[in-house]
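What follows is the content of start17.txt (compact mmCIF, C-alpha atoms).
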```txt
# COMPACT_ATOMS: atom_id res chain seq x y z
CA ARG A 2 -0.65 19.90 -37.48
CA GLY A 3 -2.27 17.70 -40.12
CA PRO A 4 -5.60 18.21 -41.85
CA ALA A 5 -7.97 20.76 -40.45
CA ARG A 6 -10.68 19.56 -38.13
CA PRO A 7 -14.32 20.73 -37.99
CA PRO A 8 -14.51 23.99 -36.00
CA PHE A 9 -16.78 22.64 -33.28
CA SER A 10 -15.88 18.95 -33.28
CA ALA A 11 -16.73 17.14 -30.05
CA THR A 12 -13.89 14.67 -30.61
CA ARG A 13 -10.83 15.44 -28.53
CA ARG A 14 -7.42 14.76 -30.01
CA LEU A 15 -5.47 12.19 -28.06
CA PRO A 16 -2.06 13.41 -26.83
CA ARG A 17 0.84 12.24 -28.94
CA VAL A 18 3.39 10.45 -26.80
CA HIS A 19 6.40 8.35 -27.66
CA ASP A 20 6.15 4.61 -27.35
CA GLY A 21 8.76 2.31 -25.94
CA ALA A 22 10.62 2.08 -29.27
CA GLY A 23 11.04 5.83 -29.59
CA GLY A 24 8.14 6.33 -32.06
CA SER A 25 4.95 8.20 -31.47
CA GLY A 26 1.40 7.00 -31.02
CA THR A 27 -1.79 7.48 -29.09
CA ASP A 28 -1.64 4.36 -26.93
CA GLY A 29 -0.05 6.02 -23.92
CA GLY A 30 3.34 4.41 -24.55
CA ARG A 31 2.06 0.86 -24.19
CA SER A 32 2.89 -0.46 -27.63
CA GLY A 33 6.03 -2.32 -28.61
CA GLY A 34 8.53 -3.07 -25.88
CA ASN A 35 6.62 -1.48 -23.01
CA MET A 36 3.91 -4.13 -23.08
CA MET A 37 6.25 -6.80 -21.75
CA GLY A 38 7.60 -4.25 -19.28
CA GLU A 39 4.16 -3.67 -17.85
CA GLU A 40 3.52 -7.40 -17.46
CA LEU A 41 6.82 -7.83 -15.64
CA ALA A 42 6.08 -4.80 -13.45
CA LYS A 43 2.77 -6.34 -12.36
CA TRP A 44 4.52 -9.52 -11.22
CA VAL A 45 7.24 -7.53 -9.47
CA LEU A 46 4.59 -5.60 -7.53
CA LEU A 47 2.76 -8.82 -6.65
CA ALA A 48 5.97 -10.42 -5.36
CA TYR A 49 6.76 -7.25 -3.42
CA GLY A 50 3.27 -7.20 -1.91
CA LEU A 51 3.58 -10.86 -0.92
CA PHE A 52 6.90 -10.25 0.81
CA MET A 53 5.73 -7.11 2.61
CA THR A 54 2.57 -8.85 3.80
CA THR A 55 4.55 -11.87 5.00
CA LEU A 56 7.08 -9.66 6.76
CA VAL A 57 4.68 -7.83 9.09
CA ALA A 58 0.96 -8.34 8.41
CA GLY A 59 0.01 -11.48 10.36
CA VAL A 60 3.00 -11.99 12.63
CA VAL A 61 0.80 -11.62 15.71
CA TYR A 62 -0.63 -15.06 15.00
CA GLY A 63 2.78 -16.66 15.30
CA TRP A 64 2.44 -16.09 19.05
CA GLN A 65 3.08 -19.69 20.08
CA SER A 66 6.64 -19.45 18.78
CA PHE A 67 7.31 -16.29 20.79
CA ARG A 68 5.55 -17.73 23.82
CA ALA A 69 7.88 -20.73 23.93
CA VAL A 70 11.05 -18.62 24.01
CA PHE A 71 9.50 -16.17 26.49
CA ILE A 72 8.81 -19.05 28.88
CA ALA A 73 12.32 -20.39 28.37
CA GLU A 74 13.72 -16.97 29.17
CA GLY A 75 11.52 -16.60 32.26
CA VAL A 76 9.53 -13.63 30.98
CA LEU A 77 6.87 -12.55 33.52
CA SER A 78 7.76 -15.43 35.83
CA GLU A 79 8.36 -13.21 38.85
CA GLY A 80 5.30 -14.49 40.71
CA CYS A 81 5.87 -18.16 39.94
CA ASP A 82 6.94 -20.79 42.49
CA ALA A 83 10.25 -22.56 42.27
CA ASP A 84 8.40 -25.77 41.36
CA SER A 85 7.22 -24.21 38.11
CA ALA A 86 10.64 -23.02 36.99
CA ASP A 87 10.71 -25.45 34.07
CA GLY A 88 7.23 -24.50 32.81
CA GLU A 89 4.66 -21.74 33.01
CA CYS A 90 2.68 -21.02 36.13
CA PRO A 91 -0.94 -19.73 36.16
CA SER A 92 0.02 -16.09 36.69
CA GLN A 93 2.59 -16.21 33.91
CA ALA A 94 0.12 -17.90 31.54
CA LYS A 95 -2.45 -15.22 32.28
CA GLU A 96 -0.04 -12.38 31.57
CA LEU A 97 1.32 -14.01 28.43
CA GLY A 98 -2.26 -14.43 27.26
CA LEU A 99 -2.85 -10.73 27.86
CA ILE A 100 0.09 -9.87 25.58
CA PHE A 101 -1.40 -11.94 22.77
CA ALA A 102 -4.83 -10.41 23.35
CA CYS A 103 -3.37 -6.93 22.85
CA GLY A 104 -1.85 -7.95 19.52
CA ALA A 105 -4.94 -9.83 18.31
CA TRP A 106 -7.22 -6.90 19.19
CA SER A 107 -4.87 -4.52 17.39
CA VAL A 108 -5.02 -6.59 14.19
CA GLN A 109 -8.80 -6.24 14.02
CA ALA A 110 -9.12 -2.69 15.33
CA CYS A 111 -6.49 -1.18 13.04
CA ARG A 112 -8.21 -2.18 9.80
CA MET A 113 -10.75 0.65 9.83
CA VAL A 114 -8.12 3.18 10.88
CA THR A 115 -5.71 1.96 8.21
CA GLY A 116 -8.44 2.21 5.58
CA LEU A 117 -9.27 5.77 6.58
CA VAL A 118 -5.59 6.77 6.54
CA ARG A 119 -5.11 5.19 3.13
CA ASP A 120 -8.14 6.98 1.72
CA ARG A 121 -7.01 10.30 3.15
CA TYR A 122 -3.24 10.23 2.62
CA GLY A 123 -2.64 7.51 0.02
CA THR A 124 -1.07 4.06 -0.06
CA ARG A 125 2.53 5.23 0.19
CA VAL A 126 2.06 7.22 3.39
CA CYS A 127 -0.07 4.49 4.93
CA VAL A 128 2.36 1.63 4.20
CA VAL A 129 5.41 3.56 5.39
CA GLY A 130 3.62 4.67 8.55
CA VAL A 131 2.44 1.14 9.35
CA MET A 132 5.87 -0.36 8.72
CA LEU A 133 7.60 2.17 10.96
CA THR A 134 4.99 1.60 13.67
CA VAL A 135 5.71 -2.14 13.50
CA ALA A 136 9.43 -1.38 13.74
CA VAL A 137 8.81 0.51 16.99
CA GLY A 138 6.84 -2.46 18.32
CA ILE A 139 9.69 -4.84 17.46
CA VAL A 140 12.16 -2.58 19.26
CA LEU A 141 9.98 -2.61 22.37
CA LEU A 142 9.82 -6.41 22.30
CA ALA A 143 13.58 -6.57 21.82
CA VAL A 144 14.57 -4.28 24.69
CA SER A 145 11.75 -4.94 27.17
CA PRO A 146 12.84 -6.07 30.64
CA PRO A 147 11.71 -9.67 31.25
CA GLN A 148 9.20 -8.68 33.95
CA SER A 149 7.69 -5.61 32.23
CA LEU A 150 4.17 -6.60 31.21
CA ALA A 151 3.26 -3.10 30.01
CA VAL A 152 6.17 -2.85 27.55
CA PHE A 153 5.46 -6.30 26.11
CA CYS A 154 1.77 -5.43 25.71
CA VAL A 155 2.47 -2.13 23.96
CA GLY A 156 5.09 -3.74 21.72
CA TYR A 157 2.76 -6.54 20.68
CA PHE A 158 -0.10 -4.10 20.14
CA LEU A 159 2.07 -2.10 17.71
CA LEU A 160 3.07 -5.34 16.03
CA GLY A 161 -0.60 -6.03 15.28
CA ILE A 162 -0.94 -2.76 13.36
CA GLY A 163 1.14 -4.43 10.64
CA ALA A 164 -2.10 -6.01 9.40
CA GLY A 165 -2.72 -2.68 7.67
CA VAL A 166 -0.04 -3.55 5.12
CA GLN A 167 -2.16 -6.41 3.82
CA LEU A 168 -5.13 -4.07 3.44
CA CYS A 169 -3.03 -1.72 1.32
CA MET A 170 -1.48 -4.49 -0.78
CA GLN A 171 -4.82 -6.08 -1.71
CA SER A 172 -5.31 -3.45 -4.43
CA ILE A 173 -2.40 -4.97 -6.37
CA SER A 174 -4.81 -7.72 -7.42
CA MET A 175 -6.71 -5.18 -9.55
CA LEU A 176 -3.79 -5.19 -11.99
CA PHE A 177 -4.51 -8.77 -13.03
CA GLY A 178 -7.91 -8.37 -14.69
CA GLU A 179 -9.75 -11.69 -14.91
CA TYR A 180 -7.22 -13.23 -12.52
CA GLN A 181 -7.93 -10.63 -9.84
CA GLY A 182 -9.49 -13.23 -7.55
CA ALA A 183 -6.47 -15.50 -7.70
CA ALA A 184 -4.10 -12.60 -7.01
CA SER A 185 -6.25 -11.44 -4.09
CA ALA A 186 -6.34 -14.94 -2.61
CA THR A 187 -2.56 -15.19 -2.92
CA LEU A 188 -2.09 -11.93 -1.03
CA SER A 189 -4.52 -13.11 1.64
CA GLY A 190 -2.52 -16.32 1.97
CA ALA A 191 0.61 -14.28 2.63
CA PHE A 192 -1.13 -12.90 5.73
CA THR A 193 -1.32 -16.42 7.16
CA LEU A 194 2.17 -17.25 5.96
CA SER A 195 3.58 -14.38 8.00
CA ALA A 196 3.29 -16.57 11.12
CA VAL A 197 6.55 -18.07 9.82
CA ILE A 198 8.42 -14.89 10.82
CA PRO A 199 7.97 -15.40 14.60
CA LEU A 200 8.86 -19.06 14.13
CA ALA A 201 12.11 -18.12 12.39
CA CYS A 202 12.88 -15.53 15.07
CA ALA A 203 12.18 -18.00 17.88
CA GLU A 204 14.41 -20.67 16.36
CA ALA A 205 17.18 -18.11 15.89
CA ILE A 206 16.83 -16.96 19.51
CA LYS A 207 17.04 -20.55 20.76
CA SER A 208 20.07 -21.25 18.60
CA VAL A 209 21.95 -18.11 19.64
CA ALA A 210 21.06 -18.52 23.34
CA SER A 211 22.19 -22.16 23.39
CA ASP A 212 25.48 -21.34 21.70
CA ASP A 213 26.25 -18.33 23.91
CA ASP A 214 25.72 -19.58 27.45
CA GLY A 215 23.98 -22.91 27.43
CA GLY A 216 20.49 -21.41 27.37
CA THR A 217 20.38 -19.27 30.52
CA ALA A 218 17.82 -16.52 31.03
CA SER A 219 20.38 -13.78 30.33
CA SER A 220 21.53 -15.47 27.13
CA TYR A 221 17.92 -15.70 25.97
CA ALA A 222 17.43 -12.01 26.70
CA ASP A 223 20.55 -11.07 24.73
CA ALA A 224 19.55 -13.33 21.86
CA ARG A 225 16.05 -11.83 21.86
CA GLY A 226 17.50 -8.35 21.54
CA GLY A 227 19.86 -9.28 18.70
CA VAL A 228 17.45 -11.34 16.60
CA LEU A 229 14.54 -8.93 16.90
CA SER A 230 16.84 -6.01 16.10
CA ALA A 231 17.79 -7.73 12.83
CA TRP A 232 14.10 -8.14 12.02
CA CYS A 233 13.51 -4.47 12.85
CA VAL A 234 16.27 -3.36 10.45
CA THR A 235 14.71 -5.44 7.68
CA VAL A 236 11.32 -3.81 8.28
CA VAL A 237 12.83 -0.31 8.18
CA VAL A 238 14.68 -1.05 4.93
CA PHE A 239 11.49 -2.22 3.25
CA ALA A 240 9.60 0.74 4.67
CA ALA A 241 12.11 2.93 2.82
CA SER A 242 11.55 0.90 -0.37
CA ALA A 243 7.83 1.64 -0.12
CA MET A 244 8.66 5.31 -0.72
CA TRP A 245 9.73 4.23 -4.20
CA LEU A 246 7.38 1.36 -5.09
CA MET A 247 4.08 2.35 -3.47
CA PRO A 248 1.71 4.71 -5.30
CA ARG A 249 0.88 8.08 -3.82
CA GLY A 250 -2.82 7.41 -4.28
CA GLY A 251 -4.73 4.14 -4.21
CA GLU A 252 -4.14 3.04 -7.83
CA PHE A 253 -1.19 0.68 -8.35
CA ARG A 254 -1.04 1.48 -12.08
CA GLU A 255 0.97 4.50 -10.97
CA SER A 256 3.61 2.11 -9.64
CA VAL A 257 3.50 0.09 -12.88
CA ARG A 258 4.13 3.22 -14.94
CA TYR A 259 6.99 4.15 -12.66
CA LEU A 260 8.62 0.72 -12.97
CA VAL A 261 8.45 0.71 -16.77
CA GLY A 262 9.85 4.24 -16.95
CA GLU A 263 6.69 6.07 -18.02
CA ARG A 264 6.67 9.27 -15.99
CA GLY A 265 4.50 11.28 -18.33
CA GLY A 266 7.02 11.45 -21.20
CA ASP A 267 9.91 13.80 -21.84
CA GLU A 268 9.70 17.57 -21.89
CA LYS A 269 8.88 17.69 -25.59
CA ASN A 270 5.96 15.33 -25.15
CA LYS A 271 4.72 17.29 -22.16
CA ARG A 272 4.78 20.55 -24.15
CA GLU A 273 3.02 18.88 -27.07
CA GLU A 274 0.34 17.40 -24.83
CA LYS A 275 -0.23 20.77 -23.19
CA LYS A 276 -0.50 22.44 -26.60
CA ASN A 277 -3.04 19.89 -27.78
CA ASP A 278 -5.06 20.25 -24.59
CA ASP A 279 -5.04 24.03 -24.91
CA GLU A 280 -6.24 23.82 -28.51
CA ASP A 281 -9.03 21.44 -27.55
CA ASP A 282 -10.05 23.68 -24.67
CA GLU A 283 -10.22 26.68 -27.01
CA GLU A 284 -12.40 24.71 -29.40
CA GLU A 285 -14.68 23.64 -26.57
CA ASP A 286 -14.95 27.23 -25.33
CA ALA A 287 -15.80 28.44 -28.85
CA SER A 288 -18.37 25.69 -29.21
CA ILE A 289 -20.00 26.67 -25.91
CA VAL A 290 -20.13 30.35 -26.91
CA ALA A 291 -21.62 29.45 -30.29
CA SER A 292 -24.22 27.30 -28.60
CA PHE A 293 -25.23 30.13 -26.27
CA VAL A 294 -25.46 32.59 -29.19
CA ALA A 295 -27.58 30.18 -31.21
CA ALA A 296 -29.83 29.59 -28.22
CA ALA A 297 -30.21 33.34 -27.68
CA PHE A 298 -31.17 33.91 -31.34
CA ALA A 299 -33.63 31.02 -31.18
CA ALA A 300 -35.22 32.43 -28.03
CA ALA A 301 -35.45 35.90 -29.56
CA PHE A 302 -37.00 34.49 -32.72
CA ALA A 303 -39.51 32.48 -30.68
CA ARG A 304 -40.52 35.57 -28.69
CA SER A 305 -40.89 37.61 -31.87
CA LEU A 306 -43.00 34.90 -33.47
CA SER A 307 -45.15 34.70 -30.34
CA ALA A 308 -45.63 38.48 -30.26
CA PHE A 309 -46.54 38.54 -33.97
CA SER A 310 -49.05 35.77 -33.50
CA SER A 311 -50.66 37.58 -30.57
CA ALA A 312 -50.88 40.79 -32.52
CA SER A 313 -52.41 39.03 -35.53
CA PHE A 314 -55.14 37.34 -33.52
```

Translate the structure of the given file into structure tokens.
Amino acid sequence: RGPARPPFSATRRLPRVHDGAGGSGTDGGRSGGNMMGEELAKWVLLAYGLFMTTLVAGVVYGWQSFRAVFIAEGVLSEGCDADSADGECPSQAKELGLIFACGAWSVQACRMVTGLVRDRYGTRVCVVGVMLTVAVGIVLLAVSPPQSLAVFCVGYFLLGIGAGVQLCMQSISMLFGEYQGAASATLSGAFTLSAVIPLACAEAIKSVASDDDGGTASSYADARGGVLSAWCVTVVVFAASAMWLMPRGGEFRESVRYLVGERGGDEKNKREEKKNDDEDDEEEDASIVASFVAAAFAAAFARSLSAFSSASF
């Protein structure tokens, strides 16, 4: 155990853990090869956060791309005149605007709820829950009948909840120290970049519909279902990946340690750390008892001295 320590030393012994090269140290396994591993893990998490944010966080604001294919398909055009068949009529424009309003309101309203959920249940649960909620919204948009305003509104509302992913991913920037501001700005930019996802979906829908049946309403509906289903599968896959990469709490250093293989050390290290902690706790307990005993003797001596002084005078 090395040289003896003072019986009531206030200095706690740091746990001995193995470093990345198989040696031992007190740096928490960050010396040697693990240092580069941690740096790489930070960039992996940043790239992951950028992709997740782009995939779902700000897709509501790519509405114009969806709106164009919805009009081409004839979504919510039931009350339009025959003269407006090639464009939108006032009633259709109003209802399409209502769909966007549901999504835009959801983006803003969900932030407080997402923050509360993250604080209560952790980043992992929050991200997975938000991603699966977005997946449900995508399914509703994919299978909704062309004239069903309620289904489109609910689907787009659920799509807006994806903004909660960006709120959770912002904490990744804390890993970058003095460059935290740049990392945070990059993650915020991914929120705006996510408008590319509806654009890509809309172009794919147009391409598939034109190839299938010359761009009829039914071909647009089929293409909408197929393309959005592919997007939904991608969201579900990355929701599953969040179970592995997202921290249980709010601190992304947990994810860094996981990526570099530091899970608290092997069993020998764990036993050694526990032994050291137990020894330190025993020393602290003994120190506390000794302090109380010394205080009691001092108080008794003070009372005796006071009584003697009173008796003398």

Neighbours of Met170 in chain A within 10 Å (all atoms listed in the file; same-chain residues fewer than 2 positions away dropped), as a VMD selection string? chain A and resid 46 to 47 49 to 51 53 to 54 124 128 165 to 168 172 to 174 185 188 to 189 247 251 253

Which is closest to Ser230 in chain A among A:Ala164, A:Leu141, A:Leu77, A:Ala210, if we use only C-alpha atoms? A:Leu141

Restricting the calculation to all atoms listed in the file, which member of A:Ser208, A:Thr193, A:Gln148, A:Gln65 is positioned closest to Ser78 in chain A?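 Residue with the minimum atom-to-atom distance to Ser78 in chain A: A:Gln148.
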
Expressed in Å to a single decimal, how great is the separation between CA of Gln181 in chain A and CA of Phe52 in chain A?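 Result for CA of Gln181 in chain A versus CA of Phe52 in chain A: 18.3 Å, one decimal.
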
At a cut-off of 8 Å, using all atoms listed in the file, what residues contact Gly226 in chain A? Leave out same-chain residues fewer than 2 positions from it and give the result as a ChimeraX atom specification. /A:142-144,222-224,228-230

Smallest atom-to-atom distance to Ala218 in chain A: which of A:Ala240, A:Val76, A:Leu246, A:Ala231, using only C-alpha atoms?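 Going through A:Ala240, A:Val76, A:Leu246, A:Ala231 one by one, the smallest distance to Ala218 in chain A is for A:Val76.
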
So, with all atoms listed in the file as the atoms that count, which of A:Met132, A:Tyr122, A:Val57, A:Cys111 lies closest to Ser242 in chain A? A:Met132

All residues 10 Å or closer to Leu133 in chain A, all atoms listed in the file, same chain fewer than 4 positions away omitted, as number ranges by chain: A: 128-129, 137-139, 159, 163, 233, 236-241

Report, in Å to a single decimal, how far apart CA of Cys127 in chain A and CA of Thr115 in chain A are. 7.0 Å

One number please: CA of Ala69 in chain A to CA of Ala203 in chain A, in Å, one decimal. 7.9 Å

Range 256-262 of chain A: which residues within 6 Å, counting all atoms listed in the file, same-chain residues fewer than 6 positions away excluded, as an NGL selection string? :A and (38 or 42 or 246 or 248)

Might I get the box with edges along x, y and z of the file that holds all atoms of range 218-231 of chain A listed there, padded by 5 Å on every side, given as centre and edge lengths in Å to one decimal, as AutoDock Vina command-line options?
```
--center_x 18.0 --center_y -11.3 --center_z 21.9 --size_x 17.0 --size_y 20.5 --size_z 28.2
```

From the options A:Arg121, A:Arg112, A:Arg225, A:Lys95, which residue's atoms come nearest to Arg249 in chain A, counting all atoms listed in the file? A:Arg121

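Comparing the minimum interatomic distances between Val135 in chain A and each of A:Ala191, A:Leu97, A:Leu56, A:Ala201, counting all atoms listed in the file, we find that A:Leu56 sits nearest.
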